[in-house]
file my_file05.cif (mmCIF, C-alpha atoms)
data_structure
loop_
_atom_site.label_atom_id
_atom_site.label_comp_id
_atom_site.auth_asym_id
_atom_site.auth_seq_id
_atom_site.Cartn_x
_atom_site.Cartn_y
_atom_site.Cartn_z
CA MET A 9 0.00 0.00 0.00
CA ILE A 10 1.19 3.47 -0.84
CA LYS A 11 0.00 6.67 0.77
CA VAL A 12 0.91 10.12 -0.49
CA ILE A 13 0.53 12.92 2.05
CA CYS A 14 0.37 16.35 0.41
CA VAL A 15 -0.04 19.89 1.62
CA GLY A 16 -2.91 21.72 -0.03
CA LYS A 17 -5.56 20.92 -2.56
CA ILE A 18 -5.16 20.66 -6.32
CA LYS A 19 -6.79 23.67 -7.96
CA GLU A 20 -6.10 23.14 -11.66
CA GLN A 21 -8.41 20.71 -13.45
CA TYR A 22 -5.69 19.42 -15.79
CA LEU A 23 -3.62 18.32 -12.77
CA LYS A 24 -6.66 16.68 -11.16
CA ASP A 25 -7.35 14.83 -14.41
CA GLY A 26 -3.77 13.58 -14.73
CA ILE A 27 -3.58 12.46 -11.11
CA ASN A 28 -6.94 10.68 -11.33
CA GLU A 29 -5.89 8.91 -14.53
CA TYR A 30 -2.77 7.46 -12.90
CA LEU A 31 -4.63 6.58 -9.70
CA LYS A 32 -7.15 4.68 -11.85
CA ARG A 33 -4.34 2.82 -13.63
CA LEU A 34 -2.66 2.01 -10.31
CA GLN A 35 -5.75 0.16 -9.08
CA ALA A 36 -4.58 -2.84 -11.11
CA PHE A 37 -1.46 -3.07 -8.94
CA ASP A 38 -1.98 -1.65 -5.47
CA ASN A 39 -4.03 0.60 -3.25
CA VAL A 40 -2.63 4.13 -3.58
CA SER A 41 -4.25 6.87 -1.56
CA ILE A 42 -3.73 10.60 -1.41
CA VAL A 43 -4.16 12.39 1.90
CA GLU A 44 -4.38 16.17 1.76
CA VAL A 45 -3.54 18.35 4.73
CA LYS A 46 -4.39 22.01 5.03
CA GLU A 47 -1.99 24.54 3.58
CA VAL A 48 -1.17 27.26 6.11
CA ASN A 49 -0.74 30.80 4.80
CA THR A 50 0.26 33.35 7.40
CA PRO A 51 2.91 36.06 7.02
CA ASP A 52 5.21 33.89 9.22
CA ILE A 53 6.77 31.26 6.92
CA LYS A 54 8.43 29.39 9.80
CA LYS A 55 5.06 29.11 11.55
CA ASN A 56 3.46 27.87 8.31
CA ILE A 57 6.07 25.12 7.95
CA GLU A 58 5.67 24.03 11.57
CA LEU A 59 1.86 23.94 11.46
CA GLU A 60 1.84 22.06 8.16
CA GLY A 61 4.40 19.67 9.67
CA LYS A 62 2.09 18.94 12.61
CA ASN A 63 -0.76 18.28 10.19
CA ILE A 64 1.43 15.91 8.18
CA ILE A 65 2.66 14.02 11.26
CA GLU A 66 -0.96 13.42 12.35
CA LYS A 67 -1.48 11.46 9.11
CA ILE A 68 1.61 9.24 9.46
CA ASN A 69 1.03 5.81 10.99
CA ASP A 70 3.60 4.05 13.19
CA ASN A 71 4.19 1.35 10.57
CA ASP A 72 4.59 3.74 7.61
CA PHE A 73 7.93 3.78 5.82
CA VAL A 74 8.25 7.56 5.37
CA ILE A 75 9.78 8.97 2.19
CA THR A 76 10.03 12.75 1.97
CA LEU A 77 10.42 14.57 -1.33
CA GLU A 78 13.27 17.04 -0.98
CA ILE A 79 15.46 18.87 -3.49
CA LEU A 80 18.62 17.71 -1.72
CA GLY A 81 17.45 14.10 -1.40
CA LYS A 82 18.75 10.96 -3.12
CA LYS A 83 18.13 10.78 -6.85
CA TYR A 84 16.89 7.62 -8.54
CA ASN A 85 16.07 6.95 -12.14
CA SER A 86 12.78 5.15 -12.86
CA LEU A 87 14.33 1.66 -12.80
CA GLU A 88 16.05 2.38 -9.48
CA LEU A 89 12.81 3.68 -7.96
CA ALA A 90 11.03 0.52 -9.09
CA ASP A 91 13.77 -1.61 -7.52
CA PHE A 92 13.56 0.41 -4.30
CA ILE A 93 9.77 -0.03 -4.05
CA LYS A 94 10.04 -3.74 -4.82
CA GLU A 95 12.76 -4.21 -2.17
CA GLN A 96 10.69 -2.42 0.45
CA PHE A 97 7.77 -4.73 -0.17
CA ILE A 98 10.01 -7.81 -0.15
CA TYR A 99 11.66 -6.85 3.14
CA GLY A 100 8.44 -6.08 4.98
CA ASN A 101 7.97 -2.35 4.49
CA SER A 102 4.60 -2.78 2.82
CA LYS A 103 3.26 0.65 3.78
CA LEU A 104 5.17 3.33 1.92
CA CYS A 105 4.27 6.91 2.75
CA PHE A 106 5.51 9.62 0.38
CA ILE A 107 5.33 13.19 1.68
CA ILE A 108 5.13 16.30 -0.48
CA GLY A 109 5.48 19.46 1.58
CA GLY A 110 3.96 22.83 0.89
CA SER A 111 5.51 25.65 -1.08
CA ASN A 112 7.77 26.54 1.87
CA GLY A 113 9.12 23.02 2.40
CA LEU A 114 9.01 20.48 5.23
CA SER A 115 9.44 20.94 8.95
CA ASP A 116 12.45 19.45 10.73
CA GLU A 117 10.06 17.19 12.66
CA VAL A 118 8.77 15.65 9.43
CA ARG A 119 12.31 15.27 8.06
CA LYS A 120 13.33 13.40 11.23
CA LEU A 121 10.64 10.79 10.56
CA SER A 122 11.88 10.23 7.02
CA LYS A 123 13.70 7.01 6.20
CA LEU A 124 14.53 8.31 2.72
CA ALA A 125 14.78 11.85 1.37
CA LEU A 126 14.03 11.49 -2.33
CA SER A 127 14.76 14.09 -5.00
CA PHE A 128 13.29 14.09 -8.47
CA SER A 129 15.46 16.94 -9.75
CA ASN A 130 17.56 19.92 -8.82
CA PHE A 131 14.71 21.99 -10.23
CA THR A 132 12.02 23.37 -7.96
CA PHE A 133 8.52 22.22 -8.96
CA PRO A 134 5.19 23.56 -7.77
CA HIS A 135 4.03 21.12 -5.09
CA GLN A 136 0.75 20.56 -6.96
CA LEU A 137 2.60 19.55 -10.14
CA MET A 138 4.93 17.39 -8.06
CA ARG A 139 1.96 15.32 -6.98
CA LEU A 140 1.23 14.42 -10.62
CA ILE A 141 4.89 13.65 -11.30
CA LEU A 142 5.13 11.41 -8.23
CA ILE A 143 1.93 9.49 -8.99
CA GLU A 144 3.09 8.93 -12.58
CA GLN A 145 6.46 7.65 -11.36
CA ILE A 146 4.78 5.30 -8.89
CA TYR A 147 2.67 3.97 -11.77
CA ARG A 148 5.79 3.62 -13.93
CA ALA A 149 7.54 1.74 -11.10
CA TYR A 150 4.66 -0.72 -10.82
CA THR A 151 4.68 -1.36 -14.57
CA ILE A 152 8.41 -2.05 -14.39
CA ILE A 153 8.01 -4.36 -11.38
CA ASN A 154 5.20 -6.25 -13.13
CA ASN A 155 6.87 -6.38 -16.56
CA LYS A 156 4.11 -4.37 -18.21
CA GLU A 157 4.76 -2.33 -21.31
CA TYR A 158 4.88 1.35 -20.41
CA HIS A 159 8.41 2.29 -19.41
CA LYS A 160 10.79 2.84 -22.31
#
call {"tool": "encode", "arguments": {"input": "my_file05.cif", "output": "structure tokens"}}
result
Amino acid sequence: MIKVICVGKIKEQYLKDGINEYLKRLQAFDNVSIVEVKEVNTPDIKKNIELEGKNIIEKINDNDFVITLEILGKKYNSLELADFIKEQFIYGNSKLCFIIGGSNGLSDEVRKLSKLALSFSNFTFPHQLMRLILIEQIYRAYTIINNKEYHK
């Protein structure tokens, strides 16, 4: 099972459509859920990060293998991500929990719970677009693991 915890709601319809398409495709492989937590927008950025962090931590279960998305995290290509996911399931970490922070990043408390900081690029992406990219890469990983034609 894979859970994706995200800060904020998706506003753009084209992103919603893309995310829903990959979630529908993923049903053939696994249960993938998206959990949204409230985005905090006060003039105090540090306070926003801390409050969002508390909201994220409330959604993490004790048996979740936490993976945070961070610019300075470890970089995998698609085949390596598929291998990583497969290995986690083989070795008993069957509840992966990916975390996408808000526009200001993740709190130190959330980072401390992370077992893997994962980076998709040195670029900065809008966190709403990152959700689509992550869901697509999870789908790609499952097609690789299951020898389905998709990844090239």
call {"tool": "resolve_selection", "arguments": {"input": "my_file05.cif", "expression": "the PyMOL selection byres ((chain A and resi 79) around 8)", "output": "MDAnalysis selection string"}}
result
chainID A and resid 77:78 80:81 126:132
call {"tool": "residues_around", "arguments": {"input": "my_file05.cif", "residues": "Met9 (chain A)", "least_positions_apart": "3", "cutoff": "9 Å", "atoms": "only C-alpha atoms", "output": "PyMOL selection string"}}
result
chain A and resi 38-41+102-105
call {"tool": "atom_distance", "arguments": {"input": "my_file05.cif", "atom1": "CA of Ser111 (chain A)", "atom2": "CA of Val12 (chain A)"}}
result
16.2 Å
call {"tool": "closest_residue", "arguments": {"input": "my_file05.cif", "among": "A:Ser122, A:Asn63, A:Ser86, A:Gln136", "to": "Gly16 (chain A)", "atoms": "only C-alpha atoms"}}
result
A:Gln136
call {"tool": "resolve_selection", "arguments": {"input": "my_file05.cif", "expression": "the PyMOL selection byres ((chain A and resi 31) around 12)", "output": "ChimeraX atom specification"}}
result
/A:10-12,24-30,32-42,139-148,150
call {"tool": "atom_distance", "arguments": {"input": "my_file05.cif", "atom1": "CA of Leu23 (chain A)", "atom2": "CA of Leu137 (chain A)"}}
result
6.9 Å
call {"tool": "atom_distance", "arguments": {"input": "my_file05.cif", "atom1": "CA of Glu44 (chain A)", "atom2": "CA of Leu124 (chain A)"}}
result
20.5 Å
call {"tool": "residues_around", "arguments": {"input": "my_file05.cif", "residues": "Lys67 (chain A)", "least_positions_apart": "5", "cutoff": "12 Å", "atoms": "only C-alpha atoms", "output": "ChimeraX atom specification"}}
result
/A:11-15,41-46,60-62,72,74,105-107,118
call {"tool": "residues_around", "arguments": {"input": "my_file05.cif", "residues": "Leu89 (chain A)", "least_positions_apart": "4", "cutoff": "9 Å", "atoms": "all atoms listed in the file", "output": "list in words"}}
result
Lys83, Tyr84, Asn85, Ile93, Lys94, Gln145, Ile146 and Ala149 of chain A
call {"tool": "closest_residue", "arguments": {"input": "my_file05.cif", "among": "A:Ile108, A:Ile75, A:Leu114, A:Ala125", "to": "Gln96 (chain A)", "atoms": "only C-alpha atoms"}}
result
A:Ile75
call {"tool": "decode", "arguments": {"input": "my_file05.cif", "residues": "region 40-66 of chain A", "atoms": "N, CA and C atoms", "output": "PDB file, in the first residue's frame"}}
result
ATOM      1  N   VAL A  40      -3.379   2.886  -3.741  1.00  0.00           N
ATOM      2  CA  VAL A  40      -2.627   4.126  -3.581  1.00  0.00           C
ATOM      3  C   VAL A  40      -3.618   5.209  -3.174  1.00  0.00           C
ATOM      4  N   SER A  41      -3.348   5.831  -2.044  1.00  0.00           N
ATOM      5  CA  SER A  41      -4.253   6.874  -1.560  1.00  0.00           C
ATOM      6  C   SER A  41      -3.506   8.198  -1.432  1.00  0.00           C
ATOM      7  N   ILE A  42      -4.268   9.256  -1.584  1.00  0.00           N
ATOM      8  CA  ILE A  42      -3.732  10.598  -1.407  1.00  0.00           C
ATOM      9  C   ILE A  42      -4.438  11.221  -0.215  1.00  0.00           C
ATOM     10  N   VAL A  43      -3.644  11.733   0.710  1.00  0.00           N
ATOM     11  CA  VAL A  43      -4.162  12.388   1.897  1.00  0.00           C
ATOM     12  C   VAL A  43      -3.722  13.851   1.840  1.00  0.00           C
ATOM     13  N   GLU A  44      -4.685  14.744   1.810  1.00  0.00           N
ATOM     14  CA  GLU A  44      -4.375  16.169   1.763  1.00  0.00           C
ATOM     15  C   GLU A  44      -4.466  16.760   3.163  1.00  0.00           C
ATOM     16  N   VAL A  45      -3.487  17.592   3.489  1.00  0.00           N
ATOM     17  CA  VAL A  45      -3.538  18.353   4.734  1.00  0.00           C
ATOM     18  C   VAL A  45      -3.619  19.829   4.370  1.00  0.00           C
ATOM     19  N   LYS A  46      -4.150  20.597   5.290  1.00  0.00           N
ATOM     20  CA  LYS A  46      -4.392  22.013   5.032  1.00  0.00           C
ATOM     21  C   LYS A  46      -3.095  22.785   4.841  1.00  0.00           C
ATOM     22  N   GLU A  47      -3.097  23.606   3.802  1.00  0.00           N
ATOM     23  CA  GLU A  47      -1.986  24.535   3.576  1.00  0.00           C
ATOM     24  C   GLU A  47      -2.178  25.729   4.511  1.00  0.00           C
ATOM     25  N   VAL A  48      -1.106  26.143   5.170  1.00  0.00           N
ATOM     26  CA  VAL A  48      -1.171  27.263   6.114  1.00  0.00           C
ATOM     27  C   VAL A  48      -0.507  28.473   5.463  1.00  0.00           C
ATOM     28  N   ASN A  49      -1.240  29.575   5.428  1.00  0.00           N
ATOM     29  CA  ASN A  49      -0.737  30.800   4.799  1.00  0.00           C
ATOM     30  C   ASN A  49      -0.857  31.978   5.752  1.00  0.00           C
ATOM     31  N   THR A  50       0.173  32.150   6.561  1.00  0.00           N
ATOM     32  CA  THR A  50       0.258  33.349   7.398  1.00  0.00           C
ATOM     33  C   THR A  50       1.503  34.105   6.938  1.00  0.00           C
ATOM     34  N   PRO A  51       1.696  35.322   7.396  1.00  0.00           N
ATOM     35  CA  PRO A  51       2.913  36.055   7.022  1.00  0.00           C
ATOM     36  C   PRO A  51       4.192  35.407   7.576  1.00  0.00           C
ATOM     37  N   ASP A  52       4.062  34.515   8.565  1.00  0.00           N
ATOM     38  CA  ASP A  52       5.206  33.887   9.223  1.00  0.00           C
ATOM     39  C   ASP A  52       5.500  32.522   8.576  1.00  0.00           C
ATOM     40  N   ILE A  53       6.456  32.484   7.668  1.00  0.00           N
ATOM     41  CA  ILE A  53       6.769  31.257   6.920  1.00  0.00           C
ATOM     42  C   ILE A  53       7.185  30.127   7.847  1.00  0.00           C
ATOM     43  N   LYS A  54       7.989  30.429   8.856  1.00  0.00           N
ATOM     44  CA  LYS A  54       8.427  29.391   9.796  1.00  0.00           C
ATOM     45  C   LYS A  54       7.221  28.765  10.502  1.00  0.00           C
ATOM     46  N   LYS A  55       6.281  29.602  10.907  1.00  0.00           N
ATOM     47  CA  LYS A  55       5.064  29.107  11.548  1.00  0.00           C
ATOM     48  C   LYS A  55       4.264  28.239  10.584  1.00  0.00           C
ATOM     49  N   ASN A  56       4.174  28.646   9.329  1.00  0.00           N
ATOM     50  CA  ASN A  56       3.460  27.865   8.313  1.00  0.00           C
ATOM     51  C   ASN A  56       4.062  26.465   8.189  1.00  0.00           C
ATOM     52  N   ILE A  57       5.385  26.401   8.090  1.00  0.00           N
ATOM     53  CA  ILE A  57       6.071  25.118   7.948  1.00  0.00           C
ATOM     54  C   ILE A  57       5.802  24.235   9.162  1.00  0.00           C
ATOM     55  N   GLU A  58       5.879  24.816  10.344  1.00  0.00           N
ATOM     56  CA  GLU A  58       5.668  24.035  11.575  1.00  0.00           C
ATOM     57  C   GLU A  58       4.232  23.515  11.679  1.00  0.00           C
ATOM     58  N   LEU A  59       3.262  24.365  11.375  1.00  0.00           N
ATOM     59  CA  LEU A  59       1.858  23.940  11.458  1.00  0.00           C
ATOM     60  C   LEU A  59       1.541  22.880  10.405  1.00  0.00           C
ATOM     61  N   GLU A  60       2.046  23.080   9.196  1.00  0.00           N
ATOM     62  CA  GLU A  60       1.844  22.057   8.162  1.00  0.00           C
ATOM     63  C   GLU A  60       2.514  20.760   8.576  1.00  0.00           C
ATOM     64  N   GLY A  61       3.687  20.865   9.188  1.00  0.00           N
ATOM     65  CA  GLY A  61       4.395  19.673   9.670  1.00  0.00           C
ATOM     66  C   GLY A  61       3.577  18.897  10.690  1.00  0.00           C
ATOM     67  N   LYS A  62       2.951  19.601  11.614  1.00  0.00           N
ATOM     68  CA  LYS A  62       2.088  18.935  12.611  1.00  0.00           C
ATOM     69  C   LYS A  62       0.925  18.234  11.926  1.00  0.00           C
ATOM     70  N   ASN A  63       0.346  18.889  10.931  1.00  0.00           N
ATOM     71  CA  ASN A  63      -0.763  18.282  10.188  1.00  0.00           C
ATOM     72  C   ASN A  63      -0.310  17.031   9.440  1.00  0.00           C
ATOM     73  N   ILE A  64       0.881  17.070   8.888  1.00  0.00           N
ATOM     74  CA  ILE A  64       1.429  15.906   8.179  1.00  0.00           C
ATOM     75  C   ILE A  64       1.664  14.762   9.162  1.00  0.00           C
ATOM     76  N   ILE A  65       2.308  15.058  10.276  1.00  0.00           N
ATOM     77  CA  ILE A  65       2.657  14.021  11.258  1.00  0.00           C
ATOM     78  C   ILE A  65       1.404  13.314  11.775  1.00  0.00           C
ATOM     79  N   GLU A  66       0.301  14.039  11.908  1.00  0.00           N
ATOM     80  CA  GLU A  66      -0.958  13.420  12.348  1.00  0.00           C
ATOM     81  C   GLU A  66      -1.432  12.332  11.392  1.00  0.00           C
TER      82      GLU A  66
END
